[in-house]
$ cat my_file-v4.tsv   # TSV, C-alpha atoms
chain	number	residue	atom	x	y	z
A	1	MET	CA	8.97	-14.61	54.64
A	2	SER	CA	10.25	-14.51	51.07
A	3	SER	CA	11.67	-17.66	49.52
A	4	TYR	CA	14.99	-15.83	49.09
A	5	LEU	CA	15.26	-15.18	52.85
A	6	ILE	CA	14.30	-18.77	53.65
A	7	LEU	CA	16.96	-20.02	51.25
A	8	MET	CA	19.56	-17.72	52.80
A	9	LYS	CA	18.68	-18.96	56.30
A	10	LYS	CA	19.10	-22.57	55.15
A	11	LEU	CA	22.44	-21.79	53.54
A	12	LEU	CA	23.74	-20.03	56.67
A	13	LEU	CA	22.50	-22.85	58.87
A	14	ALA	CA	24.24	-25.39	56.66
A	15	LEU	CA	27.44	-23.37	56.63
A	16	PHE	CA	27.63	-22.88	60.40
A	17	CYS	CA	26.17	-26.20	61.54
A	18	GLY	CA	27.65	-28.48	58.93
A	19	LEU	CA	24.21	-29.65	57.81
A	20	SER	CA	23.59	-30.88	54.32
A	21	ILE	CA	20.60	-29.42	52.53
A	22	VAL	CA	18.85	-30.01	49.27
A	23	LEU	CA	18.18	-26.93	47.18
A	24	LEU	CA	15.09	-26.82	44.99
A	25	PRO	CA	15.39	-25.50	41.46
A	26	ALA	CA	14.39	-21.85	41.22
A	27	ALA	CA	11.17	-22.66	39.34
A	28	GLU	CA	9.92	-24.69	42.30
A	29	THR	CA	10.61	-21.99	44.87
A	30	VAL	CA	8.85	-19.16	43.02
A	31	MET	CA	5.16	-18.62	43.77
A	32	ASN	CA	2.97	-19.22	40.75
A	33	HIS	CA	-0.74	-18.67	40.17
A	34	GLU	CA	-1.71	-22.12	41.49
A	35	ILE	CA	0.25	-21.71	44.72
A	36	ALA	CA	-1.15	-18.18	45.10
A	37	LEU	CA	-4.73	-19.49	44.86
A	38	THR	CA	-4.03	-22.27	47.35
A	39	THR	CA	-2.41	-19.81	49.75
A	40	TYR	CA	-5.37	-17.44	49.42
A	41	VAL	CA	-7.80	-20.23	50.37
A	42	GLU	CA	-5.58	-21.16	53.34
A	43	LYS	CA	-5.68	-17.52	54.47
A	44	LEU	CA	-9.48	-17.40	54.04
A	45	ASN	CA	-9.72	-20.26	56.51
A	46	THR	CA	-7.88	-18.22	59.16
A	47	HIS	CA	-10.96	-15.91	59.25
A	48	SER	CA	-8.61	-12.95	59.56
A	49	TRP	CA	-8.76	-10.11	57.04
A	50	ASP	CA	-5.23	-9.17	58.06
A	51	GLN	CA	-4.08	-12.57	56.76
A	52	ILE	CA	-6.18	-12.34	53.58
A	53	ALA	CA	-5.53	-8.72	52.55
A	54	PRO	CA	-1.92	-9.19	51.37
A	55	HIS	CA	-3.22	-11.67	48.76
A	56	VAL	CA	-5.77	-9.29	47.23
A	57	THR	CA	-5.24	-6.38	44.80
A	58	GLU	CA	-6.21	-2.88	45.95
A	59	ASP	CA	-8.96	-2.71	43.30
A	60	ALA	CA	-10.21	-6.28	43.68
A	61	VAL	CA	-13.82	-7.08	42.79
A	62	PHE	CA	-15.78	-9.72	44.70
A	63	ILE	CA	-19.17	-10.73	43.32
A	64	PHE	CA	-21.23	-12.73	45.78
A	65	THR	CA	-24.92	-13.63	45.82
A	66	GLU	CA	-25.86	-10.67	48.01
A	67	ASP	CA	-23.84	-7.92	46.31
A	68	THR	CA	-20.72	-6.78	44.46
A	69	PHE	CA	-17.81	-5.44	46.53
A	70	VAL	CA	-15.13	-3.29	44.89
A	71	GLY	CA	-11.83	-2.49	46.59
A	72	LYS	CA	-10.21	-3.76	49.75
A	73	ALA	CA	-12.36	-1.76	52.19
A	74	ALA	CA	-15.60	-3.15	50.74
A	75	ALA	CA	-14.12	-6.65	50.57
A	76	LYS	CA	-12.99	-6.46	54.19
A	77	ALA	CA	-16.51	-5.55	55.33
A	78	ALA	CA	-18.05	-8.40	53.31
A	79	PHE	CA	-15.56	-11.00	54.53
A	80	GLU	CA	-15.83	-9.94	58.17
A	81	LYS	CA	-19.65	-10.08	57.96
A	82	THR	CA	-19.39	-13.65	56.63
A	83	PHE	CA	-16.90	-14.64	59.35
A	84	LYS	CA	-19.38	-13.43	61.99
A	85	LEU	CA	-22.31	-15.22	60.34
A	86	ILE	CA	-20.57	-18.57	59.75
A	87	GLU	CA	-18.51	-19.66	62.75
A	88	ASN	CA	-15.58	-22.01	62.18
A	89	GLU	CA	-16.14	-21.88	58.44
A	90	VAL	CA	-14.02	-24.15	56.27
A	91	PHE	CA	-13.92	-23.07	52.62
A	92	SER	CA	-12.50	-25.26	49.85
A	93	LEU	CA	-12.13	-25.36	46.07
A	94	HIS	CA	-12.64	-28.43	43.89
A	95	ASP	CA	-12.20	-29.36	40.23
A	96	ILE	CA	-10.15	-26.25	39.44
A	97	THR	CA	-9.75	-25.62	35.71
A	98	TRP	CA	-7.32	-22.94	34.56
A	99	THR	CA	-8.86	-21.29	31.51
A	100	VAL	CA	-6.37	-18.48	30.77
A	101	ILE	CA	-2.74	-18.23	31.84
A	102	THR	CA	-0.41	-15.47	30.65
A	103	GLU	CA	2.67	-13.89	32.20
A	104	ASP	CA	0.51	-11.45	34.19
A	105	VAL	CA	-3.02	-12.91	34.41
A	106	ALA	CA	-4.46	-16.31	35.29
A	107	THR	CA	-8.14	-17.25	35.35
A	108	CYS	CA	-9.81	-20.35	36.70
A	109	ARG	CA	-13.23	-21.81	37.37
A	110	TYR	CA	-14.11	-24.31	40.06
A	111	GLU	CA	-16.66	-25.65	42.47
A	112	PHE	CA	-16.50	-24.29	46.00
A	113	ARG	CA	-17.76	-25.78	49.23
A	114	TRP	CA	-18.13	-24.38	52.72
A	115	LYS	CA	-19.20	-25.72	56.07
A	116	GLY	CA	-19.50	-24.16	59.49
A	117	LEU	CA	-21.91	-23.16	62.23
A	118	ILE	CA	-24.75	-20.69	61.71
A	119	SER	CA	-26.52	-19.80	64.97
A	120	GLY	CA	-24.94	-22.88	66.52
A	121	GLN	CA	-26.29	-25.26	63.85
A	122	GLU	CA	-24.06	-27.16	61.40
A	123	SER	CA	-24.51	-25.75	57.92
A	124	SER	CA	-22.88	-26.26	54.55
A	125	GLY	CA	-23.21	-25.18	50.98
A	126	GLY	CA	-21.41	-24.63	47.75
A	127	GLY	CA	-21.61	-23.47	44.19
A	128	ARG	CA	-19.49	-22.44	41.26
A	129	GLY	CA	-16.80	-19.81	41.14
A	130	THR	CA	-14.40	-17.95	38.92
A	131	THR	CA	-11.21	-16.25	40.08
A	132	ILE	CA	-8.86	-13.96	38.20
A	133	LEU	CA	-5.34	-13.53	39.55
A	134	ARG	CA	-3.12	-10.68	38.40
A	135	LYS	CA	0.62	-10.39	38.85
A	136	VAL	CA	1.42	-7.17	40.71
A	137	ASP	CA	5.07	-6.32	41.41
A	138	GLY	CA	5.99	-9.96	40.75
A	139	ARG	CA	3.29	-11.42	43.07
A	140	TRP	CA	0.13	-13.24	42.03
A	141	LEU	CA	-2.88	-11.60	43.75
A	142	ILE	CA	-6.64	-12.10	43.67
A	143	ALA	CA	-8.08	-9.40	41.40
A	144	HIS	CA	-11.59	-10.75	40.88
A	145	GLU	CA	-13.71	-13.46	42.47
A	146	HIS	CA	-17.24	-14.43	41.52
A	147	LEU	CA	-19.05	-17.02	43.66
A	148	GLY	CA	-22.54	-18.13	42.80
A	149	PRO	CA	-24.99	-20.99	43.33
A	150	TYR	CA	-25.17	-24.19	41.34
A	151	PRO	CA	-27.62	-23.99	38.43
A	152	ARG	CA	-31.25	-24.85	39.13
A	153	LYS	CA	-32.33	-28.14	37.62

$ encode --input "my_file-v4.tsv" --output "C-alpha coordinates"
Amino acid sequence: MSSYLILMKKLLLALFCGLSIVLLPAAETVMNHEIALTTYVEKLNTHSWDQIAPHVTEDAVFIFTEDTFVGKAAAKAAFEKTFKLIENEVFSLHDITWTVITEDVATCRYEFRWKGLISGQESSGGGRGTTILRKVDGRWLIAHEHLGPYPRK
(Lines of atoms letter the chains of each structure in order from A and count residues from 1; the text may use other names and numbers.)
(Lines give C-alpha, C1' and ligand atoms only; values in the text may rest on other atoms or scores of the structure.)
Protein backbone atom coordinates (compact mmCIF):
# COMPACT_ATOMS: atom_id res chain seq x y z
CA MET A 1 0.00 0.00 0.00
CA SER A 2 1.41 3.42 -0.85
CA SER A 3 2.59 5.69 1.95
CA TYR A 4 -0.03 8.23 0.85
CA LEU A 5 -2.87 5.73 1.40
CA ILE A 6 -1.44 4.68 4.76
CA LEU A 7 -1.23 8.32 5.81
CA MET A 8 -4.82 8.94 4.69
CA LYS A 9 -6.03 5.90 6.68
CA LYS A 10 -4.28 7.20 9.79
CA LEU A 11 -5.76 10.66 9.34
CA LEU A 12 -9.29 9.27 8.89
CA LEU A 13 -8.86 6.98 11.89
CA ALA A 14 -7.69 9.90 13.99
CA LEU A 15 -10.56 12.08 12.82
CA PHE A 16 -13.29 9.52 13.49
CA CYS A 17 -11.85 7.87 16.59
CA GLY A 18 -10.33 10.87 18.29
CA LEU A 19 -6.88 9.30 18.29
CA SER A 20 -3.76 11.39 18.28
CA ILE A 21 -1.12 10.48 15.74
CA VAL A 22 2.37 11.57 14.96
CA LEU A 23 3.06 12.42 11.34
CA LEU A 24 6.51 11.78 9.92
CA PRO A 25 8.11 14.42 7.73
CA ALA A 26 7.62 13.69 4.04
CA ALA A 27 11.30 12.79 3.54
CA GLU A 28 10.96 9.92 6.02
CA THR A 29 7.86 8.45 4.39
CA VAL A 30 9.22 8.37 0.83
CA MET A 31 11.03 5.21 -0.27
CA ASN A 32 14.67 5.83 -1.07
CA HIS A 33 17.34 3.60 -2.58
CA GLU A 34 18.39 2.16 0.81
CA ILE A 35 14.85 1.24 1.80
CA ALA A 36 14.26 -0.20 -1.69
CA LEU A 37 17.30 -2.49 -1.33
CA THR A 38 16.23 -3.62 2.14
CA THR A 39 12.70 -4.30 0.90
CA TYR A 40 14.06 -6.28 -2.06
CA VAL A 41 16.08 -8.52 0.28
CA GLU A 42 13.01 -9.00 2.50
CA LYS A 43 11.03 -10.06 -0.58
CA LEU A 44 13.83 -12.44 -1.66
CA ASN A 45 13.43 -14.20 1.66
CA THR A 46 9.74 -14.89 0.94
CA HIS A 47 10.92 -17.25 -1.86
CA SER A 48 8.07 -15.97 -4.01
CA TRP A 49 8.78 -14.44 -7.42
CA ASP A 50 5.40 -12.72 -7.23
CA GLN A 51 6.69 -10.81 -4.18
CA ILE A 52 10.07 -10.05 -5.78
CA ALA A 53 8.99 -9.06 -9.30
CA PRO A 54 7.49 -5.65 -8.41
CA HIS A 55 10.94 -4.59 -7.15
CA VAL A 56 12.79 -5.44 -10.37
CA THR A 57 12.95 -3.50 -13.67
CA GLU A 58 11.60 -5.18 -16.81
CA ASP A 59 15.10 -5.25 -18.35
CA ALA A 60 16.99 -6.22 -15.18
CA VAL A 61 20.28 -8.09 -15.50
CA PHE A 62 21.32 -10.69 -12.92
CA ILE A 63 24.86 -12.05 -13.13
CA PHE A 64 25.38 -15.13 -11.01
CA THR A 65 28.16 -17.72 -10.98
CA GLU A 66 26.32 -20.09 -13.31
CA ASP A 67 25.06 -17.61 -15.92
CA THR A 68 23.74 -14.16 -16.82
CA PHE A 69 19.97 -13.64 -16.82
CA VAL A 70 18.44 -10.70 -18.71
CA GLY A 71 14.83 -9.62 -18.23
CA LYS A 72 12.15 -10.64 -15.77
CA ALA A 73 11.31 -13.99 -17.40
CA ALA A 74 14.93 -15.18 -17.25
CA ALA A 75 15.31 -13.83 -13.71
CA LYS A 76 12.14 -15.60 -12.59
CA ALA A 77 13.45 -18.94 -13.88
CA ALA A 78 16.81 -18.44 -12.15
CA PHE A 79 15.29 -17.41 -8.83
CA GLU A 80 12.75 -20.23 -8.82
CA LYS A 81 15.50 -22.77 -9.59
CA THR A 82 17.48 -21.46 -6.60
CA PHE A 83 14.40 -21.58 -4.34
CA LYS A 84 13.93 -25.26 -5.24
CA LEU A 85 17.61 -26.06 -4.71
CA ILE A 86 18.03 -24.24 -1.37
CA GLU A 87 15.10 -24.86 0.97
CA ASN A 88 14.35 -22.25 3.64
CA GLU A 89 17.09 -20.01 2.31
CA VAL A 90 17.88 -16.86 4.26
CA PHE A 91 19.78 -14.27 2.22
CA SER A 92 21.39 -11.20 3.78
CA LEU A 93 23.62 -8.26 2.85
CA HIS A 94 26.48 -6.91 4.97
CA ASP A 95 28.88 -3.97 4.86
CA ILE A 96 26.89 -2.13 2.19
CA THR A 97 28.80 0.76 0.61
CA TRP A 98 26.93 3.15 -1.68
CA THR A 99 29.34 4.13 -4.44
CA VAL A 100 27.12 6.26 -6.72
CA ILE A 101 23.91 8.05 -5.84
CA THR A 102 22.10 10.39 -8.23
CA GLU A 103 18.46 11.38 -8.57
CA ASP A 104 17.76 8.32 -10.76
CA VAL A 105 20.51 5.75 -10.11
CA ALA A 106 22.15 4.30 -7.00
CA THR A 107 24.93 1.71 -6.93
CA CYS A 108 26.29 -0.26 -4.01
CA ARG A 109 28.70 -3.07 -3.22
CA TYR A 110 28.46 -5.46 -0.31
CA GLU A 111 29.10 -8.90 1.07
CA PHE A 112 26.23 -11.34 0.87
CA ARG A 113 25.53 -14.45 2.91
CA TRP A 114 23.02 -17.25 2.54
CA LYS A 115 22.06 -20.30 4.52
CA GLY A 116 19.50 -23.01 3.99
CA LEU A 117 19.00 -26.70 3.32
CA ILE A 118 20.35 -28.46 0.24
CA SER A 119 19.12 -32.06 -0.03
CA GLY A 120 18.16 -31.88 3.64
CA GLN A 121 21.66 -30.82 4.78
CA GLU A 122 22.42 -27.42 6.33
CA SER A 123 24.46 -25.35 3.91
CA SER A 124 25.72 -21.79 3.76
CA GLY A 125 27.86 -19.55 1.66
CA GLY A 126 28.52 -16.03 0.60
CA GLY A 127 30.53 -13.72 -1.56
CA ARG A 128 30.63 -10.20 -2.90
CA GLY A 129 27.95 -8.36 -4.78
CA THR A 130 27.08 -5.20 -6.63
CA THR A 131 23.58 -3.86 -7.17
CA ILE A 132 22.38 -0.99 -9.32
CA LEU A 133 18.99 0.52 -8.56
CA ARG A 134 17.21 2.75 -11.05
CA LYS A 135 14.29 5.05 -10.36
CA VAL A 136 11.39 4.13 -12.64
CA ASP A 137 8.18 6.17 -12.42
CA GLY A 138 9.29 7.47 -9.02
CA ARG A 139 10.14 4.01 -7.59
CA TRP A 140 13.60 2.60 -6.90
CA LEU A 141 13.92 -0.82 -8.59
CA ILE A 142 16.69 -3.38 -8.98
CA ALA A 143 18.15 -2.94 -12.47
CA HIS A 144 21.33 -4.98 -12.14
CA GLU A 145 22.71 -7.45 -9.62
CA HIS A 146 26.06 -9.22 -9.78
CA LEU A 147 26.82 -11.87 -7.15
CA GLY A 148 30.13 -13.67 -7.13
CA PRO A 149 32.47 -15.62 -4.87
CA TYR A 150 35.04 -14.18 -2.49
CA PRO A 151 38.49 -13.85 -4.07
CA ARG A 152 40.80 -16.87 -3.87
CA LYS A 153 43.69 -16.38 -1.48

$ residues_around --input "my_file-v4.tsv" --residues "Leu117 of chain A" --least-positions-apart "2" --cutoff "6 Å" --atoms "only C-alpha atoms" --output "PyMOL selection string"
chain A and resi 86-87+120-123

$ residues_near_point --input "my_file-v4.tsv" --point "(0.5, -16.7, 29.7)" --cutoff "12 Å" --atoms "only C-alpha atoms" --output "list of chain:residue names"
A:Asn32, A:His33, A:Trp98, A:Thr99, A:Val100, A:Ile101, A:Thr102, A:Glu103, A:Asp104, A:Val105, A:Ala106, A:Thr107, A:Leu133, A:Arg134, A:Lys135

$ write_last_selection --input "my_file-v4.tsv" --atoms "C-alpha atoms" --output "PDB file, keeping the file's coordinate frame"
ATOM      1  CA  ASN A  32       2.970 -19.220  40.750  1.00  0.00           C
ATOM      2  CA  HIS A  33      -0.740 -18.670  40.170  1.00  0.00           C
ATOM      3  CA  TRP A  98      -7.320 -22.940  34.560  1.00  0.00           C
ATOM      4  CA  THR A  99      -8.860 -21.290  31.510  1.00  0.00           C
ATOM      5  CA  VAL A 100      -6.370 -18.480  30.770  1.00  0.00           C
ATOM      6  CA  ILE A 101      -2.740 -18.230  31.840  1.00  0.00           C
ATOM      7  CA  THR A 102      -0.410 -15.470  30.650  1.00  0.00           C
ATOM      8  CA  GLU A 103       2.670 -13.890  32.200  1.00  0.00           C
ATOM      9  CA  ASP A 104       0.510 -11.450  34.190  1.00  0.00           C
ATOM     10  CA  VAL A 105      -3.020 -12.910  34.410  1.00  0.00           C
ATOM     11  CA  ALA A 106      -4.460 -16.310  35.290  1.00  0.00           C
ATOM     12  CA  THR A 107      -8.140 -17.250  35.350  1.00  0.00           C
ATOM     13  CA  LEU A 133      -5.340 -13.530  39.550  1.00  0.00           C
ATOM     14  CA  ARG A 134      -3.120 -10.680  38.400  1.00  0.00           C
ATOM     15  CA  LYS A 135       0.620 -10.390  38.850  1.00  0.00           C
TER      16      LYS A 135
END

$ atom_distance --input "my_file-v4.tsv" --atom1 "atom CA of Leu44 of chain A" --atom2 "atom CA of Asp137 of chain A"
22.2 Å

$ closest_residue --input "my_file-v4.tsv" --among "A:Val136, A:Leu147, A:Ala77, A:Leu93" --to "Pro54 of chain A" --atoms "all atoms listed in the file"
A:Val136

$ residues_around --input "my_file-v4.tsv" --residues "His47 of chain A" --least-positions-apart "4" --cutoff "12 Å" --atoms "only C-alpha atoms" --output "VMD selection string"
chain A and resid 40 to 43 51 to 53 76 78 to 91 116

$ closest_residue --input "my_file-v4.tsv" --among "A:Arg113, A:His94, A:Lys153, A:His144" --to "Gly71 of chain A" --atoms "all atoms listed in the file"
A:His144

$ axis_aligned_box --input "my_file-v4.tsv" --around "segment 34-50 of chain A" --padding-each-side "5 Å" --output "JSON"
{"center_x": -5.4, "center_y": -15.7, "center_z": 50.5, "size_x": 21.2, "size_y": 23.1, "size_z": 28.1}

$ build_atoms --input "my_file-v4.tsv" --residues "segment 60-92 of chain A" --atoms "N, CA and C atoms" --output "PDB file, in the coordinates of the input"
ATOM      1  N   ALA A  60      -9.553  -4.985  43.870  1.00  0.00           N
ATOM      2  CA  ALA A  60     -10.210  -6.280  43.680  1.00  0.00           C
ATOM      3  C   ALA A  60     -11.732  -6.142  43.660  1.00  0.00           C
ATOM      4  N   VAL A  61     -12.361  -7.027  42.889  1.00  0.00           N
ATOM      5  CA  VAL A  61     -13.820  -7.080  42.790  1.00  0.00           C
ATOM      6  C   VAL A  61     -14.264  -8.461  43.258  1.00  0.00           C
ATOM      7  N   PHE A  62     -15.205  -8.476  44.194  1.00  0.00           N
ATOM      8  CA  PHE A  62     -15.780  -9.720  44.700  1.00  0.00           C
ATOM      9  C   PHE A  62     -17.274  -9.685  44.419  1.00  0.00           C
ATOM     10  N   ILE A  63     -17.753 -10.641  43.651  1.00  0.00           N
ATOM     11  CA  ILE A  63     -19.170 -10.730  43.320  1.00  0.00           C
ATOM     12  C   ILE A  63     -19.726 -11.953  44.041  1.00  0.00           C
ATOM     13  N   PHE A  64     -20.586 -11.680  45.004  1.00  0.00           N
ATOM     14  CA  PHE A  64     -21.230 -12.730  45.780  1.00  0.00           C
ATOM     15  C   PHE A  64     -22.736 -12.637  45.541  1.00  0.00           C
ATOM     16  N   THR A  65     -23.471 -13.591  46.045  1.00  0.00           N
ATOM     17  CA  THR A  65     -24.920 -13.630  45.820  1.00  0.00           C
ATOM     18  C   THR A  65     -25.594 -12.343  46.288  1.00  0.00           C
ATOM     19  N   GLU A  66     -25.162 -11.817  47.438  1.00  0.00           N
ATOM     20  CA  GLU A  66     -25.860 -10.670  48.010  1.00  0.00           C
ATOM     21  C   GLU A  66     -25.443  -9.320  47.442  1.00  0.00           C
ATOM     22  N   ASP A  67     -24.265  -9.226  46.819  1.00  0.00           N
ATOM     23  CA  ASP A  67     -23.840  -7.920  46.310  1.00  0.00           C
ATOM     24  C   ASP A  67     -22.493  -8.028  45.615  1.00  0.00           C
ATOM     25  N   THR A  68     -22.045  -6.909  45.062  1.00  0.00           N
ATOM     26  CA  THR A  68     -20.720  -6.780  44.460  1.00  0.00           C
ATOM     27  C   THR A  68     -19.917  -5.832  45.340  1.00  0.00           C
ATOM     28  N   PHE A  69     -18.675  -6.217  45.642  1.00  0.00           N
ATOM     29  CA  PHE A  69     -17.810  -5.440  46.530  1.00  0.00           C
ATOM     30  C   PHE A  69     -16.554  -5.072  45.761  1.00  0.00           C
ATOM     31  N   VAL A  70     -16.274  -3.778  45.662  1.00  0.00           N
ATOM     32  CA  VAL A  70     -15.130  -3.290  44.890  1.00  0.00           C
ATOM     33  C   VAL A  70     -14.141  -2.624  45.831  1.00  0.00           C
ATOM     34  N   GLY A  71     -12.890  -3.060  45.773  1.00  0.00           N
ATOM     35  CA  GLY A  71     -11.830  -2.490  46.590  1.00  0.00           C
ATOM     36  C   GLY A  71     -11.676  -3.229  47.911  1.00  0.00           C
ATOM     37  N   LYS A  72     -10.527  -3.029  48.525  1.00  0.00           N
ATOM     38  CA  LYS A  72     -10.210  -3.760  49.750  1.00  0.00           C
ATOM     39  C   LYS A  72     -11.127  -3.408  50.923  1.00  0.00           C
ATOM     40  N   ALA A  73     -11.508  -2.138  51.058  1.00  0.00           N
ATOM     41  CA  ALA A  73     -12.360  -1.760  52.190  1.00  0.00           C
ATOM     42  C   ALA A  73     -13.712  -2.462  52.111  1.00  0.00           C
ATOM     43  N   ALA A  74     -14.304  -2.472  50.931  1.00  0.00           N
ATOM     44  CA  ALA A  74     -15.600  -3.150  50.740  1.00  0.00           C
ATOM     45  C   ALA A  74     -15.448  -4.652  50.934  1.00  0.00           C
ATOM     46  N   ALA A  75     -14.365  -5.212  50.417  1.00  0.00           N
ATOM     47  CA  ALA A  75     -14.120  -6.650  50.570  1.00  0.00           C
ATOM     48  C   ALA A  75     -13.953  -7.013  52.038  1.00  0.00           C
ATOM     49  N   LYS A  76     -13.198  -6.209  52.759  1.00  0.00           N
ATOM     50  CA  LYS A  76     -12.990  -6.460  54.190  1.00  0.00           C
ATOM     51  C   LYS A  76     -14.327  -6.531  54.918  1.00  0.00           C
ATOM     52  N   ALA A  77     -15.202  -5.567  54.671  1.00  0.00           N
ATOM     53  CA  ALA A  77     -16.510  -5.550  55.330  1.00  0.00           C
ATOM     54  C   ALA A  77     -17.314  -6.804  55.000  1.00  0.00           C
ATOM     55  N   ALA A  78     -17.300  -7.214  53.736  1.00  0.00           N
ATOM     56  CA  ALA A  78     -18.050  -8.400  53.310  1.00  0.00           C
ATOM     57  C   ALA A  78     -17.489  -9.669  53.952  1.00  0.00           C
ATOM     58  N   PHE A  79     -16.174  -9.809  53.945  1.00  0.00           N
ATOM     59  CA  PHE A  79     -15.560 -11.000  54.530  1.00  0.00           C
ATOM     60  C   PHE A  79     -15.810 -11.059  56.034  1.00  0.00           C
ATOM     61  N   GLU A  80     -15.644  -9.941  56.715  1.00  0.00           N
ATOM     62  CA  GLU A  80     -15.830  -9.940  58.170  1.00  0.00           C
ATOM     63  C   GLU A  80     -17.288 -10.222  58.544  1.00  0.00           C
ATOM     64  N   LYS A  81     -18.230  -9.769  57.735  1.00  0.00           N
ATOM     65  CA  LYS A  81     -19.650 -10.080  57.960  1.00  0.00           C
ATOM     66  C   LYS A  81     -19.868 -11.591  57.842  1.00  0.00           C
ATOM     67  N   THR A  82     -19.265 -12.203  56.823  1.00  0.00           N
ATOM     68  CA  THR A  82     -19.390 -13.650  56.630  1.00  0.00           C
ATOM     69  C   THR A  82     -18.753 -14.408  57.783  1.00  0.00           C
ATOM     70  N   PHE A  83     -17.585 -13.956  58.241  1.00  0.00           N
ATOM     71  CA  PHE A  83     -16.900 -14.640  59.350  1.00  0.00           C
ATOM     72  C   PHE A  83     -17.746 -14.599  60.623  1.00  0.00           C
ATOM     73  N   LYS A  84     -18.502 -13.515  60.823  1.00  0.00           N
ATOM     74  CA  LYS A  84     -19.380 -13.430  61.990  1.00  0.00           C
ATOM     75  C   LYS A  84     -20.605 -14.333  61.828  1.00  0.00           C
ATOM     76  N   LEU A  85     -21.112 -14.423  60.609  1.00  0.00           N
ATOM     77  CA  LEU A  85     -22.310 -15.220  60.340  1.00  0.00           C
ATOM     78  C   LEU A  85     -22.021 -16.718  60.414  1.00  0.00           C
ATOM     79  N   ILE A  86     -20.899 -17.142  59.816  1.00  0.00           N
ATOM     80  CA  ILE A  86     -20.570 -18.570  59.750  1.00  0.00           C
ATOM     81  C   ILE A  86     -19.355 -18.831  60.643  1.00  0.00           C
ATOM     82  N   GLU A  87     -19.602 -19.367  61.823  1.00  0.00           N
ATOM     83  CA  GLU A  87     -18.510 -19.660  62.750  1.00  0.00           C
ATOM     84  C   GLU A  87     -17.748 -20.895  62.290  1.00  0.00           C
ATOM     85  N   ASN A  88     -16.448 -20.878  62.509  1.00  0.00           N
ATOM     86  CA  ASN A  88     -15.580 -22.010  62.180  1.00  0.00           C
ATOM     87  C   ASN A  88     -15.719 -22.463  60.725  1.00  0.00           C
ATOM     88  N   GLU A  89     -15.953 -21.524  59.842  1.00  0.00           N
ATOM     89  CA  GLU A  89     -16.140 -21.880  58.440  1.00  0.00           C
ATOM     90  C   GLU A  89     -14.871 -22.501  57.854  1.00  0.00           C
ATOM     91  N   VAL A  90     -15.084 -23.552  57.062  1.00  0.00           N
ATOM     92  CA  VAL A  90     -14.020 -24.150  56.270  1.00  0.00           C
ATOM     93  C   VAL A  90     -14.456 -24.036  54.812  1.00  0.00           C
ATOM     94  N   PHE A  91     -13.649 -23.345  54.025  1.00  0.00           N
ATOM     95  CA  PHE A  91     -13.920 -23.070  52.620  1.00  0.00           C
ATOM     96  C   PHE A  91     -12.936 -23.865  51.780  1.00  0.00           C
ATOM     97  N   SER A  92     -13.404 -24.480  50.700  1.00  0.00           N
ATOM     98  CA  SER A  92     -12.500 -25.260  49.850  1.00  0.00           C
ATOM     99  C   SER A  92     -12.898 -25.154  48.386  1.00  0.00           C
TER     100      SER A  92
END
